[in-house]
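Trainee: Contents of structure_19.txt (compact mmCIF, C-alpha atoms) are below:
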# COMPACT_ATOMS: atom_id res chain seq x y z
CA MET A 1 -12.43 -72.82 -7.38
CA GLY A 2 -14.42 -70.53 -5.19
CA LYS A 3 -14.88 -67.31 -7.17
CA PRO A 4 -18.25 -66.68 -8.89
CA VAL A 5 -18.14 -66.69 -12.67
CA GLY A 6 -18.88 -63.31 -14.21
CA ALA A 7 -21.68 -62.64 -16.70
CA GLY A 8 -19.20 -62.42 -19.57
CA ALA A 9 -17.84 -65.85 -18.75
CA VAL A 10 -21.39 -67.25 -18.58
CA LEU A 11 -22.18 -65.84 -22.02
CA LEU A 12 -18.95 -67.27 -23.37
CA LEU A 13 -19.73 -70.67 -21.86
CA ALA A 14 -23.21 -70.60 -23.44
CA ALA A 15 -21.67 -69.82 -26.80
CA VAL A 16 -19.13 -72.60 -26.45
CA LEU A 17 -21.76 -75.14 -25.41
CA GLY A 18 -23.98 -74.01 -28.24
CA GLY A 19 -21.14 -74.52 -30.65
CA CYS A 20 -20.46 -77.99 -29.30
CA ALA A 21 -24.11 -78.94 -29.57
CA GLY A 22 -24.22 -77.87 -33.16
CA ALA A 23 -20.87 -79.32 -34.11
CA GLY A 24 -22.49 -82.27 -35.81
CA SER A 25 -24.22 -80.09 -38.37
CA SER A 26 -22.63 -78.10 -41.16
CA GLU A 27 -24.45 -74.89 -40.24
CA GLY A 28 -24.85 -72.78 -37.14
CA GLY A 29 -22.12 -74.38 -34.98
CA LEU A 30 -18.81 -72.92 -33.84
CA SER A 31 -15.69 -74.58 -35.20
CA GLY A 32 -13.12 -75.99 -32.80
CA GLU A 33 -10.78 -73.18 -33.81
CA MET A 34 -13.40 -70.54 -32.96
CA ILE A 35 -14.03 -72.14 -29.57
CA ASP A 36 -10.31 -72.20 -28.80
CA SER A 37 -9.97 -68.59 -29.89
CA SER A 38 -12.87 -67.51 -27.64
CA LEU A 39 -11.48 -69.40 -24.66
CA MET A 40 -8.00 -67.99 -25.23
CA ALA A 41 -9.36 -64.43 -25.44
CA ALA A 42 -11.32 -64.90 -22.22
CA ALA A 43 -8.25 -66.35 -20.47
CA THR A 44 -5.90 -63.56 -21.54
CA ASN A 45 -8.47 -60.90 -20.62
CA ALA A 46 -8.83 -62.39 -17.14
CA GLU A 47 -5.05 -62.60 -16.84
CA SER A 48 -4.67 -58.93 -17.83
CA ALA A 49 -7.36 -57.98 -15.31
CA GLY A 50 -5.43 -59.66 -12.50
CA ASP A 51 -7.90 -62.52 -12.12
CA PRO A 52 -5.77 -65.68 -12.25
CA ARG A 53 -8.56 -67.97 -11.00
CA THR A 54 -10.85 -67.16 -13.91
CA ALA A 55 -7.90 -67.37 -16.31
CA ALA A 56 -7.02 -70.79 -14.87
CA ALA A 57 -10.58 -72.01 -15.47
CA HIS A 58 -10.37 -71.10 -19.15
CA TYR A 59 -6.87 -72.55 -19.57
CA SER A 60 -8.11 -75.72 -17.87
CA THR A 61 -10.79 -76.06 -20.54
CA LEU A 62 -8.20 -75.48 -23.28
CA HIS A 63 -5.95 -78.10 -21.70
CA ARG A 64 -8.78 -80.63 -21.59
CA ARG A 65 -9.42 -79.97 -25.27
CA HIS A 66 -5.70 -80.28 -26.11
CA PRO A 67 -4.10 -82.41 -23.36
CA SER A 68 -0.75 -82.84 -25.13
CA ASN A 69 -0.24 -79.12 -25.82
CA PRO A 70 2.42 -77.81 -23.40
CA ARG A 71 1.43 -74.19 -24.05
CA TYR A 72 -1.89 -74.59 -22.26
CA ALA A 73 -0.32 -76.71 -19.54
CA VAL A 74 2.21 -73.97 -18.77
CA ARG A 75 -0.38 -71.19 -18.71
CA LEU A 76 -2.74 -73.20 -16.53
CA ALA A 77 0.03 -73.96 -14.03
CA ARG A 78 1.15 -70.32 -13.95
CA MET A 79 -2.35 -69.07 -13.21
CA LEU A 80 -2.85 -71.69 -10.51
CA ARG A 81 0.44 -70.63 -8.90
CA LEU A 82 -0.51 -66.94 -9.04
CA ALA A 83 -3.91 -67.79 -7.56
CA GLY A 84 -2.18 -69.34 -4.54
CA GLU A 85 -2.73 -72.94 -5.67
CA ASN A 86 0.94 -73.83 -6.06
CA GLN A 87 0.61 -77.43 -4.87
CA GLN A 88 -2.11 -78.05 -7.44
CA ALA A 89 0.02 -76.41 -10.14
CA LEU A 90 3.02 -78.51 -9.19
CA ALA A 91 1.07 -81.76 -9.10
CA PHE A 92 -0.37 -80.95 -12.51
CA LEU A 93 3.03 -80.22 -14.07
CA GLU A 94 4.65 -83.27 -12.52
CA GLY A 95 1.87 -85.41 -13.94
CA PHE A 96 2.00 -83.96 -17.45
CA ARG A 97 1.81 -86.98 -19.72
CA GLU A 98 3.75 -85.68 -22.73
CA ARG A 99 7.20 -85.70 -21.13
CA GLU A 100 8.92 -85.35 -24.51
CA LYS A 101 7.10 -82.04 -24.99
CA ARG A 102 8.49 -80.38 -21.88
CA THR A 103 9.57 -77.14 -23.54
CA PRO A 104 11.92 -74.58 -21.95
CA GLU A 105 8.84 -72.57 -20.95
CA PHE A 106 7.41 -75.67 -19.28
CA LEU A 107 10.65 -76.29 -17.40
CA ILE A 108 10.83 -72.66 -16.25
CA GLU A 109 7.31 -72.79 -14.85
CA LEU A 110 8.08 -76.14 -13.21
CA GLY A 111 11.16 -74.53 -11.64
CA LYS A 112 9.08 -71.63 -10.34
CA CYS A 113 6.56 -74.03 -8.80
CA TYR A 114 9.37 -75.98 -7.13
CA LEU A 115 10.80 -72.68 -5.86
CA ALA A 116 7.42 -71.67 -4.43
CA ALA A 117 7.26 -75.08 -2.71
CA ASP A 118 10.78 -74.54 -1.28
CA ARG A 119 12.08 -77.57 -3.17
CA LEU A 120 15.20 -75.73 -4.19
CA ASN A 121 17.33 -78.55 -5.59
CA LEU A 122 14.53 -79.64 -7.91
CA ALA A 123 13.96 -76.00 -8.91
CA ALA A 124 17.64 -75.59 -9.78
CA HIS A 125 17.60 -78.84 -11.77
CA SER A 126 14.54 -77.82 -13.82
CA LEU A 127 15.93 -74.36 -14.53
CA SER A 128 19.37 -75.70 -15.47
CA GLU A 129 17.63 -78.08 -17.89
CA ALA A 130 15.72 -75.13 -19.34
CA ILE A 131 18.97 -73.20 -19.80
CA GLN A 132 20.55 -76.16 -21.59
CA ALA A 133 17.58 -76.26 -23.96
CA ALA A 134 17.34 -72.47 -24.39
CA PRO A 135 20.55 -70.69 -23.32
CA GLU A 136 19.11 -67.37 -24.58
CA SER A 137 16.24 -67.44 -22.08
CA TRP A 138 16.81 -64.54 -19.68
CA GLU A 139 13.91 -65.77 -17.54
CA ALA A 140 15.55 -69.15 -16.93
CA HIS A 141 18.85 -67.52 -15.90
CA SER A 142 17.15 -64.94 -13.68
CA THR A 143 14.92 -67.46 -11.93
CA LEU A 144 17.91 -69.72 -11.33
CA GLY A 145 19.58 -66.71 -9.70
CA VAL A 146 16.63 -66.40 -7.31
CA VAL A 147 16.95 -70.10 -6.45
CA HIS A 148 20.67 -69.66 -5.73
CA ASP A 149 19.91 -66.69 -3.48
CA TYR A 150 17.47 -68.82 -1.49
CA GLN A 151 20.19 -71.47 -1.24
CA GLY A 152 22.61 -68.88 0.13
CA ARG A 153 24.80 -69.19 -2.99
CA HIS A 154 25.00 -65.46 -3.68
CA ALA A 155 28.09 -65.62 -5.91
CA ASP A 156 26.34 -68.15 -8.16
CA ALA A 157 23.22 -65.98 -8.08
CA LEU A 158 25.17 -62.96 -9.33
CA LYS A 159 26.58 -65.05 -12.20
CA ALA A 160 23.06 -66.11 -13.14
CA TYR A 161 21.81 -62.50 -13.15
CA GLU A 162 24.81 -61.43 -15.22
CA ALA A 163 23.97 -64.15 -17.75
CA ALA A 164 20.35 -62.96 -17.86
CA LEU A 165 21.41 -59.33 -18.41
CA LYS A 166 23.79 -60.39 -21.16
CA VAL A 167 20.81 -61.91 -22.98
CA SER A 168 18.40 -59.07 -22.09
CA PRO A 169 20.30 -55.88 -21.15
CA ASN A 170 18.61 -53.52 -18.69
CA ASN A 171 15.69 -55.90 -18.21
CA PRO A 172 13.88 -54.41 -15.18
CA ALA A 173 12.74 -57.81 -13.86
CA VAL A 174 16.33 -59.09 -13.84
CA LEU A 175 17.64 -55.84 -12.35
CA ASN A 176 15.02 -56.11 -9.60
CA ASN A 177 16.18 -59.63 -8.70
CA LEU A 178 19.82 -58.56 -8.85
CA ALA A 179 19.14 -55.61 -6.56
CA LEU A 180 17.45 -57.79 -3.94
CA SER A 181 20.38 -60.19 -4.13
CA LEU A 182 22.80 -57.32 -3.53
CA ALA A 183 20.71 -56.10 -0.61
CA VAL A 184 20.68 -59.54 1.00
CA SER A 185 24.45 -59.71 0.50
CA GLY A 186 24.83 -56.43 2.41
CA ASP A 187 25.59 -54.04 -0.49
CA LEU A 188 22.69 -51.65 0.06
CA SER A 189 24.12 -48.79 -2.03
CA ALA A 190 24.62 -51.02 -5.07
CA ALA A 191 21.15 -52.49 -4.56
CA ILE A 192 19.52 -49.05 -4.56
CA ALA A 193 21.50 -47.95 -7.62
CA THR A 194 20.42 -51.11 -9.44
CA LEU A 195 16.75 -50.55 -8.57
CA GLU A 196 17.00 -46.93 -9.69
CA LYS A 197 18.34 -48.20 -13.02
CA ALA A 198 15.48 -50.69 -13.21
CA ASN A 199 12.96 -47.93 -12.45
CA ASP A 200 14.32 -45.89 -15.37
CA GLN A 201 13.29 -48.63 -17.83
CA PRO A 202 9.98 -48.15 -19.71
CA LYS A 203 8.60 -51.51 -18.57
CA ALA A 204 9.48 -51.17 -14.89
CA SER A 205 6.77 -52.70 -12.72
CA PRO A 206 5.21 -51.27 -9.55
CA GLN A 207 7.11 -53.97 -7.67
CA VAL A 208 10.40 -52.31 -8.68
CA ARG A 209 9.29 -48.97 -7.24
CA GLN A 210 7.97 -50.48 -4.03
CA ASN A 211 11.19 -52.45 -3.51
CA LEU A 212 13.12 -49.24 -4.11
CA ALA A 213 10.95 -47.48 -1.50
CA LEU A 214 11.68 -50.25 0.99
CA LEU A 215 15.45 -50.14 0.46
CA LEU A 216 15.49 -46.34 0.69
CA ALA A 217 13.66 -46.63 4.01
CA ILE A 218 16.19 -49.19 5.19
CA LYS A 219 18.90 -46.71 4.23
CA GLY A 220 17.16 -44.13 6.41
CA ASP A 221 15.74 -41.90 3.64
CA ALA A 222 12.03 -41.85 4.54
CA ALA A 223 11.27 -38.88 2.24
CA ALA A 224 12.60 -40.64 -0.85
CA ALA A 225 10.82 -43.85 0.17
CA GLU A 226 7.57 -41.91 0.42
CA ARG A 227 7.90 -40.54 -3.12
CA PHE A 228 8.05 -44.03 -4.60
CA ALA A 229 5.45 -45.48 -2.24
CA ARG A 230 2.86 -42.99 -3.48
CA LYS A 231 3.25 -43.87 -7.17
CA ASP A 232 1.27 -47.11 -7.41
CA LEU A 233 -0.61 -47.95 -4.25
CA PRO A 234 -4.06 -46.96 -2.95
CA PRO A 235 -4.05 -44.23 -0.27
CA GLU A 236 -4.78 -46.53 2.68
CA VAL A 237 -1.96 -48.91 1.70
CA VAL A 238 0.35 -45.94 1.21
CA ARG A 239 -0.47 -44.62 4.70
CA ASN A 240 0.28 -48.00 6.27
CA ASN A 241 3.50 -48.36 4.29
CA LEU A 242 4.64 -44.87 5.17
CA ARG A 243 4.23 -45.53 8.87
CA PHE A 244 6.38 -48.62 8.43
CA PHE A 245 8.98 -46.81 6.28
CA ARG A 246 9.27 -43.92 8.73
CA ALA A 247 9.63 -46.24 11.69
CA LEU A 248 12.23 -48.23 9.77
CA ALA A 249 14.14 -45.10 8.80
CA ASP A 250 14.04 -43.81 12.40
CA SER A 251 15.37 -47.12 13.70
CA VAL A 252 18.21 -47.00 11.18
CA LYS A 253 19.13 -43.48 12.28
CA ALA A 254 18.97 -44.47 15.93
CA TYR A 255 21.21 -47.42 15.28
Represent the structure from my file as structure tokens, please.

Mentor:
Amino acid sequence: MGKPVGAGAVLLLAAVLGGCAGAGSSEGGLSGEMIDSSLMAAATNAESAGDPRTAAAHYSTLHRRHPSNPRYAVRLARMLRLAGENQQALAFLEGFREREKRTPEFLIELGKCYLAADRLNLAAHSLSEAIQAAPESWEAHSTLGVVHDYQGRHADALKAYEAALKVSPNNPAVLNNLALSLAVSGDLSAAIATLEKANDQPKASPQVRQNLALLLAIKGDAAAAERFARKDLPPEVVRNNLRFFRALADSVKAY
């Protein structure tokens, strides 16, 4: 898939192949459980390091070893989507053979892939099915809200975000989606207040702060936008963003 495999992955592969070669003997070989554990550790490490392509390669191996396990199918599809291979992820999920094992997590990821492909009706259908199977899944409700926003159904989107927050109060990911929905609907003050609330949460992501910077710039407050822009981004990106934020704030004031 294009990116060279690192030395650690090569060593892991050698260990796995060595284990497979020795599997026929009672000594010296790695058990199937040990191989799975090594592959899973390598996949999660790559995922944590922001390397979805390498993570996808490891999850692909796990899926080939356990083709009816939806857990590996979901993780493989997610990494493919994050690596920019959404069509491949979608084709893989649509072709998953164990249809009776389509868990809520599977349906949520399928909905996200449909959303990324702009197939909004199918996304809504998959996410509604996930909610029926797992009504306490905040992620299913929140993602359905995003789909409704893309469909222009902002009232339905707000209901979906409210349902997600009822399940997971003050969840910064949900608050972020709600804030963007409010901004698109024209309620900029409520959107900023919602993002400020999201930013106060311990698990707030850099995306929350950068969205807050953008909305503050749209409001015309370039100084406040600059404070948040500087928190997470490298200096060169910050400089470029600040030029944009200041120009945006100046245009708002002029208007």

Trainee: Fewer than 5 positions away in the same chain doesn't count, so skip those; otherwise give me all residues within 12 Å of Met40 (chain A), counting all atoms listed in the file, as a list in words.

Mentor: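 The residues that qualify are Ala9, Leu12, Glu33, Met34, Ile35, Asn45, Ala46, Glu47, Thr54, Ala55, Ala56, Ala57, His58, Tyr59, Ser60, Thr61, Leu62, His63, Arg71, Tyr72, Arg75 and Leu76 of chain A.
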
Trainee: Counting all atoms listed in the file, which of A:Leu215, A:Ala229, A:Val174, A:Ala190 gets nearest to Lys203 (chain A)?

Mentor: A:Val174

Trainee: Residues within 12 Å of Asp156 (chain A), please, as an MDAnalysis selection string. Count only C-alpha atoms; anything in the same chain fewer than 3 positions from it doesn't count.

Mentor: chainID A and resid 124 141:142 144:153 159:163 178 181

Trainee: Near region 101-116 of chain A, within 8 Å and counting all atoms listed in the file, which residues show up once chain neighbours fewer than 5 positions away are dropped, as a ChimeraX atom specification?

Mentor: /A:68-71,73-74,77-78,81,86-87,89-90,93-94,122-127,129-131,133-134,139-140,143,147

Trainee: Between CA of Ser185 (chain A) and CA of Ala213 (chain A), what is the distance in Å, rounded to a tenth?

Mentor: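 Atom-to-atom, CA of Ser185 (chain A) and CA of Ala213 (chain A) are spaced 18.3 Å apart.
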
Trainee: Have a look at CA of Ala155 (chain A) and CA of Val208 (chain A) and let me know their distance in Å, one decimal.

Mentor: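 Taking CA of Ala155 (chain A) and CA of Val208 (chain A), their separation equals 22.3 Å.
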
Trainee: Which distance in Å separates CA of Leu158 (chain A) and CA of Leu182 (chain A), to one decimal?

Mentor: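 Calculated distance between CA of Leu158 (chain A) and CA of Leu182 (chain A) is 8.4 Å.
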
Trainee: Between A:Ala224, A:Gly50, A:Asn121, A:Val167, which one has atoms that come closest to Ser137 (chain A), using all atoms listed in the file?

Mentor: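 For Ser137 (chain A), the nearest of the given residues is A:Val167.
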
Trainee: Just checking: using all atoms listed in the file, which residue out of A:Ala173, A:Ala43, A:Ala225, A:Ala198 ends up closest to Gln210 (chain A)?

Mentor: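 Comparing A:Ala173, A:Ala43, A:Ala225, A:Ala198 against Gln210 (chain A), the winner is A:Ala225.
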
Trainee: Which is closer to Pro169 (chain A) than all the others in A:Ser189, A:Gln201, A:Ser128, A:Ser37, using only C-alpha atoms?

Mentor: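 Going through A:Ser189, A:Gln201, A:Ser128, A:Ser37 one by one, the smallest distance to Pro169 (chain A) is for A:Gln201.
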
Trainee: I need the residue nearest Ala204 (chain A) from this list: A:Lys219, A:Gly84, A:Arg227, A:Asp232. Use only C-alpha atoms for the distance.

Mentor: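 Of all the options, A:Asp232 lies closest to Ala204 (chain A).
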